[in-house]
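*Asks:* Here it is: the structure, laid out below.
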There are 2 protein chains.
Amino acid sequence: VIRAAGPQDAERLAALLHDFQTEFDDVTPGPEVLAGRVRAAIERGEAHFVLAPDGLALVSLRDTILYGRVALLEELYVAPPARGRGQGRALLEHAMRLAREQGAASMEIVTSTGDEAARGLYASAGFTNLDGADQLLYYEREL
Amino acid sequence: VIRAAGPQDAERLAALLHDFQTEFDDVTPGPEVLAGRVRAAIERGEAHFVLAPDGLALVSLRDTILYGRVALLEELYVAPPARGRGQGRALLEHAMRLAREQGAASMEIVTSTGDEAARGLYASAGFTNLDGADQLLYYEREL
């Protein structure tokens with residue numbers, strides 16, 4: 001029941017993305033605009049989605065000069081009523097498999113210190129945020 | 001003297017990348033292999049380099065479904081003898097300008113808690129690693 005999504009899943013994926021953004025008070029152009037973007041991004045090969053009954057994972061890939069093909073887990077979302085039953089873990093594992101199949105040598109994820117559920121999931125799946133004795137931090141700004 | 005680099009700069013860029021990786025005990029296939037990769041990545045539009053007399057910045061761009069075009073500062077390097085004289089800041093500012101010109105709406109950077117010089121530079125250039133009261137963390141694993 002967890003599978004790679006295609007352009008025909010754009011409406012369902014867009015609805016989940018919209019719920020994700022709304023839950024975390026983040027920007028969303030609404031499900032209809034998102035559905036068009038999702039379909040186009042899948043068709044152009046810019047976005048790789050995994051779809052679960054109540055959630056999704058979104059992976060992008062880039063070819064780097066030093067580290068080969070790198071996968072970024074852009075989004076991982078499970079709707080609130082379905083949490084705690086393993087869909088997040090299954091989505092993450094499917095996303096890792098999909099990235100490997102697409103030739104990725106590594107996967108990156110950004111999360112925040114306060115999201116302990118996500119951090120626990122990533123750590124148990126073999127991800128670290130350590131660089132020797134240091135932690136790896138993610139900075140950003142609008143341009 | 002700080003400018004966008006082109007394919008004709010591949011050897012110089014590769015030498016700097018090789019020095020960067022070597023200084024931080026990170027992987028490098030050597031300057032010659034790197035030069036070929038750098039040239040190809042510039043020609044394909046996958047890599048945008050800024051070149052200073054003693055350093056470089058490397059920016060990649062990706063089109064996201066939710067956040068528009070996002071720039072990632074993949075590398076920022078100034079050779080040790082030239083540090084502390086503003087080349088890093090000038091490279092960062094040039095990289096931000098270049099990303100804006102390429103249509104990027106935001107820029108991302110990953111660094112480590114122990115690299116206080118880099119963190120000070122990024123903070124003074126308007127970057128934050130905060131998500132409300134939380135810090136943003138970067139996780140990774142090999143696949």
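Residue numbers start at 1 in each chain; chains themselves are named A, B, ... in the order of the structure tokens; ligands are numbered from 1 in the order shown.
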Could you name the residues that touch Leu17 in chain A at 12 Å or less, counting only C-alpha atoms, but leaving out those on the same chain fewer than 3 positions away, as a ChimeraX atom specification?
*Replies:* /A:10-14,20-24,26-35,37-38,49,51,54-58,74-79 /B:65-66
*Asks:* I need the residues from that last selection saved to file as a tab-separated table (two decimals), in the first residue's frame (with N, CA, C and O atoms), if you can.
*Replies:*
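File produced: part-v4.tsv:
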chain	number	residue	atom	x	y	z
A	10	ALA	N	-1.46	13.28	-8.58
A	10	ALA	CA	-1.15	14.68	-8.25
A	10	ALA	C	-2.16	15.29	-7.28
A	10	ALA	O	-1.78	16.00	-6.34
A	11	GLU	N	-3.46	15.01	-7.46
A	11	GLU	CA	-4.45	15.63	-6.58
A	11	GLU	C	-4.30	15.16	-5.14
A	11	GLU	O	-4.35	15.96	-4.21
A	12	ARG	N	-4.10	13.86	-4.97
A	12	ARG	CA	-3.94	13.33	-3.61
A	12	ARG	C	-2.67	13.87	-2.95
A	12	ARG	O	-2.68	14.27	-1.78
A	13	LEU	N	-1.58	13.89	-3.70
A	13	LEU	CA	-0.32	14.42	-3.18
A	13	LEU	C	-0.46	15.90	-2.80
A	13	LEU	O	0.03	16.34	-1.76
A	14	ALA	N	-1.13	16.65	-3.66
A	14	ALA	CA	-1.30	18.08	-3.41
A	14	ALA	C	-2.13	18.31	-2.15
A	14	ALA	O	-1.84	19.21	-1.35
A	20	PHE	N	-0.08	19.48	5.16
A	20	PHE	CA	1.22	19.56	5.84
A	20	PHE	C	1.57	21.03	6.09
A	20	PHE	O	1.86	21.44	7.24
A	21	GLN	N	1.51	21.82	5.04
A	21	GLN	CA	1.89	23.23	5.17
A	21	GLN	C	0.97	23.96	6.13
A	21	GLN	O	1.40	24.79	6.93
A	22	THR	N	-0.33	23.64	6.05
A	22	THR	CA	-1.31	24.31	6.90
A	22	THR	C	-1.08	23.95	8.36
A	22	THR	O	-1.09	24.81	9.24
A	23	GLU	N	-0.84	22.66	8.62
A	23	GLU	CA	-0.63	22.22	10.01
A	23	GLU	C	0.55	22.96	10.64
A	23	GLU	O	0.51	23.29	11.83
A	24	PHE	N	1.61	23.22	9.85
A	24	PHE	CA	2.80	23.85	10.42
A	24	PHE	C	2.88	25.34	10.08
A	24	PHE	O	3.95	25.94	10.12
A	26	ASP	N	2.84	27.01	7.46
A	26	ASP	CA	3.80	27.36	6.41
A	26	ASP	C	3.03	27.73	5.14
A	26	ASP	O	1.82	27.51	5.04
A	27	VAL	N	3.73	28.32	4.19
A	27	VAL	CA	3.08	28.81	2.97
A	27	VAL	C	2.47	27.67	2.16
A	27	VAL	O	3.02	26.58	2.09
A	28	THR	N	1.31	27.94	1.55
A	28	THR	CA	0.73	27.03	0.56
A	28	THR	C	-0.11	27.84	-0.41
A	28	THR	O	-0.86	28.73	0.01
A	29	PRO	N	0.00	27.55	-1.70
A	29	PRO	CA	-0.82	28.25	-2.69
A	29	PRO	C	-2.19	27.59	-2.84
A	29	PRO	O	-2.97	27.99	-3.70
A	30	GLY	N	-2.48	26.56	-2.03
A	30	GLY	CA	-3.76	25.85	-2.12
A	30	GLY	C	-3.62	24.59	-2.95
A	30	GLY	O	-2.72	24.47	-3.78
A	31	PRO	N	-4.53	23.64	-2.71
A	31	PRO	CA	-4.42	22.31	-3.33
A	31	PRO	C	-4.44	22.34	-4.86
A	31	PRO	O	-3.74	21.55	-5.50
A	32	GLU	N	-5.23	23.24	-5.46
A	32	GLU	CA	-5.34	23.21	-6.92
A	32	GLU	C	-4.05	23.64	-7.60
A	32	GLU	O	-3.59	22.99	-8.55
A	33	VAL	N	-3.48	24.74	-7.13
A	33	VAL	CA	-2.20	25.19	-7.70
A	33	VAL	C	-1.13	24.13	-7.44
A	33	VAL	O	-0.33	23.80	-8.33
A	34	LEU	N	-1.13	23.59	-6.23
A	34	LEU	CA	-0.14	22.56	-5.90
A	34	LEU	C	-0.25	21.35	-6.82
A	34	LEU	O	0.76	20.78	-7.24
A	35	ALA	N	-1.48	20.95	-7.13
A	35	ALA	CA	-1.67	19.76	-7.97
A	35	ALA	C	-1.00	19.96	-9.34
A	35	ALA	O	-0.35	19.05	-9.86
A	37	ARG	N	1.54	21.95	-9.98
A	37	ARG	CA	3.00	21.94	-9.78
A	37	ARG	C	3.52	20.53	-9.56
A	37	ARG	O	4.58	20.15	-10.04
A	38	VAL	N	2.77	19.75	-8.76
A	38	VAL	CA	3.17	18.37	-8.47
A	38	VAL	C	3.23	17.56	-9.76
A	38	VAL	O	4.21	16.86	-10.04
A	49	PHE	N	7.89	11.17	-5.59
A	49	PHE	CA	6.99	11.04	-4.45
A	49	PHE	C	6.78	9.57	-4.09
A	49	PHE	O	6.68	8.70	-4.98
A	51	LEU	N	3.84	7.49	-1.86
A	51	LEU	CA	2.50	7.71	-1.34
A	51	LEU	C	2.10	6.56	-0.41
A	51	LEU	O	2.24	5.39	-0.78
A	54	ASP	N	-2.02	7.48	4.25
A	54	ASP	CA	-2.28	8.76	4.92
A	54	ASP	C	-1.06	9.67	4.95
A	54	ASP	O	-0.90	10.48	5.87
A	55	GLY	N	-0.18	9.55	3.97
A	55	GLY	CA	1.01	10.38	4.01
A	55	GLY	C	1.81	10.30	2.75
A	55	GLY	O	1.46	9.57	1.80
A	56	LEU	N	2.90	11.06	2.72
A	56	LEU	CA	3.76	11.08	1.55
A	56	LEU	C	5.20	11.38	1.94
A	56	LEU	O	5.47	11.91	3.02
A	57	ALA	N	6.09	11.02	1.05
A	57	ALA	CA	7.48	11.48	1.11
A	57	ALA	C	7.79	12.09	-0.24
A	57	ALA	O	7.31	11.64	-1.27
A	58	LEU	N	8.61	13.16	-0.23
A	58	LEU	CA	9.01	13.85	-1.45
A	58	LEU	C	10.53	13.91	-1.48
A	58	LEU	O	11.15	14.42	-0.54
A	74	GLU	N	12.76	16.10	0.89
A	74	GLU	CA	12.22	17.47	1.00
A	74	GLU	C	11.05	17.52	1.98
A	74	GLU	O	10.90	18.51	2.70
A	75	GLU	N	10.22	16.49	1.95
A	75	GLU	CA	9.04	16.47	2.83
A	75	GLU	C	8.77	15.04	3.26
A	75	GLU	O	8.97	14.09	2.49
A	76	LEU	N	8.29	14.89	4.50
A	76	LEU	CA	7.81	13.60	5.00
A	76	LEU	C	6.62	13.91	5.88
A	76	LEU	O	6.76	14.64	6.87
A	77	TYR	N	5.46	13.41	5.51
A	77	TYR	CA	4.24	13.82	6.21
A	77	TYR	C	3.31	12.63	6.39
A	77	TYR	O	3.07	11.87	5.44
A	78	VAL	N	2.79	12.51	7.60
A	78	VAL	CA	1.70	11.57	7.88
A	78	VAL	C	0.59	12.37	8.57
A	78	VAL	O	0.86	13.13	9.52
A	79	ALA	N	-0.62	12.23	8.09
A	79	ALA	CA	-1.75	12.98	8.67
A	79	ALA	C	-1.92	12.61	10.14
A	79	ALA	O	-1.72	11.46	10.53
B	65	ILE	N	8.56	22.48	-5.29
B	65	ILE	CA	7.11	22.62	-5.46
B	65	ILE	C	6.56	23.68	-4.52
B	65	ILE	O	5.67	24.44	-4.89
B	66	LEU	N	7.11	23.78	-3.32
B	66	LEU	CA	6.55	24.68	-2.32
B	66	LEU	C	7.26	26.01	-2.18
B	66	LEU	O	6.66	27.01	-1.79
*Asks:* Where does DSSP see helix (DSSP H, G or I) in range 28-126 of chain B, if you list the residues as a compact mmCIF listing (two decimals) with all heavy atoms, in the first residue's frame?
*Replies:*
# COMPACT_ATOMS: atom_id res chain seq x y z
N PRO B 31 42.81 16.69 -8.57
CA PRO B 31 42.49 17.89 -9.37
C PRO B 31 42.12 17.58 -10.82
O PRO B 31 41.25 18.27 -11.38
CB PRO B 31 43.79 18.71 -9.31
CG PRO B 31 44.55 18.19 -8.15
CD PRO B 31 44.15 16.77 -7.96
N GLU B 32 42.74 16.56 -11.43
CA GLU B 32 42.45 16.34 -12.85
C GLU B 32 41.04 15.83 -13.07
O GLU B 32 40.32 16.31 -13.95
CB GLU B 32 43.47 15.35 -13.45
CG GLU B 32 44.84 15.99 -13.65
CD GLU B 32 45.81 15.04 -14.35
OE1 GLU B 32 45.35 14.18 -15.12
OE2 GLU B 32 47.02 15.17 -14.11
N VAL B 33 40.65 14.83 -12.27
CA VAL B 33 39.28 14.33 -12.39
C VAL B 33 38.28 15.43 -12.05
O VAL B 33 37.27 15.62 -12.74
CB VAL B 33 39.07 13.10 -11.48
CG1 VAL B 33 37.60 12.70 -11.43
CG2 VAL B 33 39.92 11.93 -11.98
N LEU B 34 38.58 16.18 -11.00
CA LEU B 34 37.68 17.28 -10.61
C LEU B 34 37.52 18.30 -11.73
O LEU B 34 36.42 18.80 -11.97
CB LEU B 34 38.20 17.98 -9.35
CG LEU B 34 37.94 17.27 -8.03
CD1 LEU B 34 38.60 18.03 -6.88
CD2 LEU B 34 36.43 17.15 -7.78
N ALA B 35 38.61 18.61 -12.41
CA ALA B 35 38.53 19.62 -13.48
C ALA B 35 37.53 19.20 -14.56
O ALA B 35 36.75 20.02 -15.05
CB ALA B 35 39.91 19.87 -14.09
N GLY B 36 37.55 17.93 -14.91
CA GLY B 36 36.59 17.44 -15.90
C GLY B 36 35.16 17.55 -15.39
O GLY B 36 34.25 17.96 -16.12
N ARG B 37 34.97 17.19 -14.12
CA ARG B 37 33.61 17.27 -13.56
C ARG B 37 33.14 18.72 -13.46
O ARG B 37 31.96 19.02 -13.70
CB ARG B 37 33.59 16.65 -12.16
CG ARG B 37 33.79 15.15 -12.14
CD ARG B 37 33.56 14.64 -10.73
NE ARG B 37 34.05 13.29 -10.54
CZ ARG B 37 34.18 12.70 -9.35
NH1 ARG B 37 33.86 13.36 -8.25
NH2 ARG B 37 34.63 11.47 -9.26
N VAL B 38 34.05 19.60 -13.05
CA VAL B 38 33.70 21.02 -12.92
C VAL B 38 33.28 21.58 -14.27
O VAL B 38 32.24 22.24 -14.40
CB VAL B 38 34.89 21.81 -12.34
CG1 VAL B 38 34.69 23.31 -12.51
CG2 VAL B 38 35.11 21.45 -10.88
N ARG B 39 34.08 21.30 -15.29
CA ARG B 39 33.78 21.82 -16.63
C ARG B 39 32.41 21.31 -17.09
O ARG B 39 31.58 22.07 -17.57
CB ARG B 39 34.88 21.41 -17.62
CG ARG B 39 34.79 22.12 -18.97
CD ARG B 39 35.94 21.75 -19.90
NE ARG B 39 37.23 22.06 -19.31
CZ ARG B 39 38.12 21.17 -18.86
NH1 ARG B 39 37.87 19.88 -18.93
NH2 ARG B 39 39.26 21.58 -18.32
N ALA B 40 32.17 20.02 -16.92
CA ALA B 40 30.91 19.43 -17.38
C ALA B 40 29.73 20.01 -16.60
O ALA B 40 28.67 20.32 -17.18
CB ALA B 40 30.95 17.91 -17.22
N ALA B 41 29.90 20.17 -15.30
CA ALA B 41 28.79 20.69 -14.48
C ALA B 41 28.47 22.14 -14.83
O ALA B 41 27.30 22.53 -14.85
CB ALA B 41 29.13 20.56 -12.99
N ILE B 42 29.50 22.93 -15.11
CA ILE B 42 29.25 24.32 -15.53
C ILE B 42 28.54 24.33 -16.87
O ILE B 42 27.56 25.05 -17.08
CB ILE B 42 30.56 25.12 -15.60
CG1 ILE B 42 31.19 25.27 -14.20
CG2 ILE B 42 30.33 26.50 -16.22
CD1 ILE B 42 32.56 25.92 -14.20
N GLU B 43 29.02 23.52 -17.80
CA GLU B 43 28.42 23.51 -19.14
C GLU B 43 26.98 23.02 -19.11
O GLU B 43 26.15 23.47 -19.90
CB GLU B 43 29.29 22.65 -20.08
CG GLU B 43 30.59 23.36 -20.46
CD GLU B 43 31.57 22.48 -21.23
OE1 GLU B 43 31.36 21.26 -21.28
OE2 GLU B 43 32.56 23.03 -21.76
N PRO B 80 44.05 29.07 3.19
CA PRO B 80 44.44 29.53 4.52
C PRO B 80 45.26 30.83 4.55
O PRO B 80 44.94 31.71 5.37
CB PRO B 80 45.25 28.34 5.08
CG PRO B 80 44.69 27.15 4.37
CD PRO B 80 44.30 27.62 3.01
N PRO B 81 46.27 31.01 3.68
CA PRO B 81 47.06 32.25 3.82
C PRO B 81 46.26 33.52 3.54
O PRO B 81 46.67 34.61 3.94
CB PRO B 81 48.17 32.09 2.76
CG PRO B 81 48.13 30.67 2.33
CD PRO B 81 46.76 30.16 2.60
N ALA B 82 45.13 33.38 2.85
CA ALA B 82 44.36 34.56 2.43
C ALA B 82 43.17 34.83 3.34
O ALA B 82 42.39 35.76 3.09
CB ALA B 82 43.89 34.39 0.99
N GLN B 87 37.68 37.92 1.71
CA GLN B 87 37.35 37.20 0.48
C GLN B 87 36.15 36.28 0.67
O GLN B 87 35.33 36.12 -0.24
CB GLN B 87 38.55 36.39 -0.04
CG GLN B 87 39.59 37.24 -0.76
CD GLN B 87 40.61 36.40 -1.55
OE1 GLN B 87 40.24 35.53 -2.32
NE2 GLN B 87 41.89 36.68 -1.32
N GLY B 88 36.03 35.68 1.85
CA GLY B 88 34.89 34.80 2.11
C GLY B 88 33.59 35.57 2.06
O GLY B 88 32.61 35.14 1.42
N ARG B 89 33.57 36.72 2.70
CA ARG B 89 32.36 37.55 2.69
C ARG B 89 32.02 38.01 1.28
O ARG B 89 30.87 37.97 0.85
CB ARG B 89 32.54 38.77 3.60
CG ARG B 89 31.34 39.70 3.65
CD ARG B 89 31.54 40.80 4.69
NE ARG B 89 31.82 40.22 5.99
CZ ARG B 89 30.88 39.90 6.88
NH1 ARG B 89 29.61 40.14 6.60
NH2 ARG B 89 31.20 39.37 8.03
N ALA B 90 33.05 38.43 0.53
CA ALA B 90 32.81 38.90 -0.84
C ALA B 90 32.30 37.75 -1.72
O ALA B 90 31.42 37.94 -2.56
CB ALA B 90 34.10 39.50 -1.41
N LEU B 91 32.85 36.57 -1.53
CA LEU B 91 32.37 35.40 -2.28
C LEU B 91 30.92 35.09 -1.95
O LEU B 91 30.11 34.80 -2.82
CB LEU B 91 33.25 34.18 -1.98
CG LEU B 91 34.59 34.12 -2.71
CD1 LEU B 91 35.54 33.13 -2.03
CD2 LEU B 91 34.40 33.74 -4.18
N LEU B 92 30.59 35.14 -0.66
CA LEU B 92 29.21 34.86 -0.24
C LEU B 92 28.26 35.88 -0.85
O LEU B 92 27.20 35.52 -1.38
CB LEU B 92 29.12 34.87 1.29
CG LEU B 92 27.72 34.70 1.87
CD1 LEU B 92 27.09 33.38 1.44
CD2 LEU B 92 27.75 34.80 3.40
N GLU B 93 28.63 37.14 -0.79
CA GLU B 93 27.73 38.18 -1.33
C GLU B 93 27.58 38.03 -2.84
O GLU B 93 26.49 38.20 -3.38
CB GLU B 93 28.26 39.57 -0.95
CG GLU B 93 28.01 39.85 0.53
CD GLU B 93 28.68 41.13 1.02
OE1 GLU B 93 29.35 41.81 0.20
OE2 GLU B 93 28.54 41.43 2.23
N HIS B 94 28.66 37.71 -3.51
CA HIS B 94 28.57 37.50 -4.96
C HIS B 94 27.69 36.27 -5.26
O HIS B 94 26.90 36.29 -6.20
CB HIS B 94 29.97 37.33 -5.55
CG HIS B 94 30.03 37.60 -7.02
ND1 HIS B 94 30.69 38.67 -7.57
CD2 HIS B 94 29.48 36.94 -8.06
CE1 HIS B 94 30.56 38.65 -8.88
NE2 HIS B 94 29.83 37.60 -9.21
N ALA B 95 27.84 35.23 -4.46
CA ALA B 95 27.03 34.02 -4.66
C ALA B 95 25.55 34.32 -4.46
O ALA B 95 24.69 33.81 -5.19
CB ALA B 95 27.49 32.92 -3.71
N MET B 96 25.23 35.14 -3.47
CA MET B 96 23.82 35.51 -3.24
C MET B 96 23.27 36.30 -4.43
O MET B 96 22.13 36.09 -4.86
CB MET B 96 23.71 36.32 -1.94
CG MET B 96 23.95 35.49 -0.68
SD MET B 96 24.24 36.52 0.80
CE MET B 96 22.68 37.38 0.90
N ARG B 97 24.10 37.22 -4.95
CA ARG B 97 23.67 38.02 -6.11
C ARG B 97 23.44 37.12 -7.31
O ARG B 97 22.44 37.23 -8.03
CB ARG B 97 24.76 39.06 -6.41
CG ARG B 97 24.25 40.37 -6.90
CD ARG B 97 25.22 41.51 -6.65
NE ARG B 97 26.59 41.21 -7.01
CZ ARG B 97 27.64 41.39 -6.19
NH1 ARG B 97 27.47 41.83 -4.97
NH2 ARG B 97 28.86 41.12 -6.61
N LEU B 98 24.38 36.23 -7.53
CA LEU B 98 24.26 35.29 -8.66
C LEU B 98 22.99 34.44 -8.53
O LEU B 98 22.26 34.25 -9.51
CB LEU B 98 25.51 34.41 -8.68
CG LEU B 98 25.68 33.35 -9.76
CD1 LEU B 98 27.18 33.09 -9.97
CD2 LEU B 98 25.00 32.04 -9.40
N ALA B 99 22.72 33.97 -7.32
CA ALA B 99 21.52 33.15 -7.10
C ALA B 99 20.26 33.95 -7.38
O ALA B 99 19.32 33.45 -8.00
CB ALA B 99 21.52 32.60 -5.68
N ARG B 100 20.23 35.20 -6.91
CA ARG B 100 19.08 36.07 -7.20
C ARG B 100 18.90 36.25 -8.70
O ARG B 100 17.79 36.17 -9.22
CB ARG B 100 19.31 37.45 -6.58
CG ARG B 100 18.70 37.63 -5.24
CD ARG B 100 18.81 39.09 -4.77
NE ARG B 100 19.17 39.12 -3.36
CZ ARG B 100 20.35 39.47 -2.88
NH1 ARG B 100 21.33 39.85 -3.70
NH2 ARG B 100 20.56 39.43 -1.59
N GLU B 101 20.00 36.50 -9.40
CA GLU B 101 19.93 36.70 -10.86
C GLU B 101 19.41 35.45 -11.57
O GLU B 101 18.79 35.53 -12.62
CB GLU B 101 21.32 37.05 -11.41
CG GLU B 101 21.79 38.45 -11.05
CD GLU B 101 23.28 38.65 -11.29
OE1 GLU B 101 23.93 37.74 -11.84
OE2 GLU B 101 23.78 39.72 -10.91
N GLU B 116 33.07 28.36 13.91
CA GLU B 116 32.52 29.63 14.38
C GLU B 116 32.76 30.76 13.39
O GLU B 116 31.94 31.69 13.29
CB GLU B 116 33.09 29.96 15.76
CG GLU B 116 32.56 28.98 16.79
CD GLU B 116 33.12 29.23 18.19
OE1 GLU B 116 33.65 30.34 18.42
OE2 GLU B 116 33.00 28.32 19.03
N ALA B 117 33.85 30.69 12.65
CA ALA B 117 34.11 31.74 11.65
C ALA B 117 33.02 31.72 10.58
O ALA B 117 32.45 32.76 10.22
CB ALA B 117 35.48 31.54 11.02
N ALA B 118 32.71 30.52 10.10
CA ALA B 118 31.67 30.41 9.07
C ALA B 118 30.32 30.83 9.64
O ALA B 118 29.57 31.58 9.00
CB ALA B 118 31.60 28.97 8.55
N ARG B 119 29.99 30.36 10.85
CA ARG B 119 28.68 30.70 11.43
C ARG B 119 28.54 32.20 11.63
O ARG B 119 27.48 32.78 11.39
CB ARG B 119 28.48 29.96 12.74
CG ARG B 119 28.36 28.44 12.54
CD ARG B 119 28.20 27.73 13.87
NE ARG B 119 26.97 28.13 14.53
CZ ARG B 119 26.67 27.85 15.78
NH1 ARG B 119 27.52 27.16 16.52
NH2 ARG B 119 25.53 28.23 16.30
N GLY B 120 29.64 32.86 12.06
CA GLY B 120 29.59 34.31 12.22
C GLY B 120 29.37 35.01 10.90
O GLY B 120 28.59 35.97 10.80
N LEU B 121 30.05 34.52 9.86
CA LEU B 121 29.88 35.11 8.53
C LEU B 121 28.43 34.96 8.06
O LEU B 121 27.81 35.93 7.58
CB LEU B 121 30.84 34.43 7.55
CG LEU B 121 30.67 34.78 6.07
CD1 LEU B 121 30.87 36.28 5.84
CD2 LEU B 121 31.65 33.98 5.21
N TYR B 122 27.88 33.76 8.18
CA TYR B 122 26.52 33.52 7.68
C TYR B 122 25.50 34.36 8.47
O TYR B 122 24.58 34.94 7.90
CB TYR B 122 26.17 32.03 7.74
CG TYR B 122 27.12 31.17 6.94
CD1 TYR B 122 27.51 29.91 7.35
CD2 TYR B 122 27.66 31.65 5.74
CE1 TYR B 122 28.39 29.13 6.60
CE2 TYR B 122 28.54 30.89 4.99
CZ TYR B 122 28.90 29.63 5.43
OH TYR B 122 29.78 28.87 4.70
N ALA B 123 25.69 34.42 9.79
CA ALA B 123 24.76 35.21 10.60
C ALA B 123 24.83 36.68 10.21
O ALA B 123 23.80 37.36 10.09
CB ALA B 123 25.06 35.02 12.08
N SER B 124 26.03 37.18 9.99
CA SER B 124 26.15 38.61 9.66
C SER B 124 25.64 38.91 8.26
O SER B 124 25.35 40.05 7.93
CB SER B 124 27.60 39.07 9.82
OG SER B 124 28.40 38.58 8.75
*Asks:* Report, in Å to a single decimal, how far apart CA of Ile109 in chain B and CA of Tyr139 in chain A are.
*Replies:*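 Between CA of Tyr139 in chain A and CA of Ile109 in chain B the gap is 5.0 Å.
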*Asks:* Output as a Markdown table one row per residue of chain B within 7 Å of chain A: the closest atom pair and its distance in Å to one decimal place, counting only C-alpha atoms, sorted by chain and residue number ascending.
*Replies:*
| residue | atom | partner | partner_atom | distance |
| --- | --- | --- | --- | --- |
| B:Thr28 | CA | A:Leu66 | CA | 6.9 |
| B:Arg37 | CA | A:Ile65 | CA | 6.0 |
| B:Val38 | CA | A:Ile65 | CA | 6.5 |
| B:Ile65 | CA | A:Arg37 | CA | 6.0 |
| B:Leu66 | CA | A:Thr28 | CA | 6.9 |
| B:Arg100 | CA | A:Leu143 | CA | 6.3 |
| B:Ala105 | CA | A:Leu143 | CA | 5.3 |
| B:Ser106 | CA | A:Glu142 | CA | 4.1 |
| B:Met107 | CA | A:Glu140 | CA | 5.6 |
| B:Glu108 | CA | A:Glu140 | CA | 4.4 |
| B:Ile109 | CA | A:Tyr139 | CA | 5.0 |
| B:Val110 | CA | A:Tyr138 | CA | 4.6 |
| B:Thr111 | CA | A:Leu137 | CA | 5.3 |
| B:Ser112 | CA | A:Leu136 | CA | 4.3 |
| B:Thr113 | CA | A:Gln135 | CA | 5.4 |
| B:Gly114 | CA | A:Asp134 | CA | 5.7 |
| B:Gly126 | CA | A:Arg141 | CA | 6.4 |
| B:Phe127 | CA | A:Arg141 | CA | 4.8 |
| B:Thr128 | CA | A:Tyr139 | CA | 5.1 |
| B:Asn129 | CA | A:Tyr139 | CA | 4.3 |
| B:Asp131 | CA | A:Ser112 | CA | 6.8 |
| B:Asp134 | CA | A:Thr113 | CA | 5.4 |
| B:Gln135 | CA | A:Thr113 | CA | 5.4 |
| B:Leu136 | CA | A:Ser112 | CA | 4.3 |
| B:Leu137 | CA | A:Leu137 | CA | 4.7 |
| B:Tyr138 | CA | A:Val110 | CA | 4.6 |
| B:Tyr139 | CA | A:Asn129 | CA | 4.3 |
| B:Glu140 | CA | A:Glu108 | CA | 4.4 |
| B:Arg141 | CA | A:Phe127 | CA | 4.8 |
| B:Glu142 | CA | A:Ser106 | CA | 4.1 |
| B:Leu143 | CA | A:Ser106 | CA | 4.9 |
*Asks:* Would you work out the distance separating CA of Ala15 in chain B from CA of Val50 in chain B, expressed in Å to one decimal?
*Replies:*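 CA of Val50 in chain B lies 14.1 Å from CA of Ala15 in chain B.
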*Asks:* Please measure the separation of CA of Pro53 in chain B and CA of Ala5 in chain B, giving the value in Å to one decimal.
*Replies:*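 Answer for the CA of Pro53 in chain B to CA of Ala5 in chain B separation: 11.7 Å.
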*Asks:* Using DSSP secondary structure from the backbone, list all strand (DSSP E) positions within chain B, as a PyMOL selection string.
*Replies:* chain B and resi 3-4+48-52+55-64+68-78+106-112+130-131+134-142
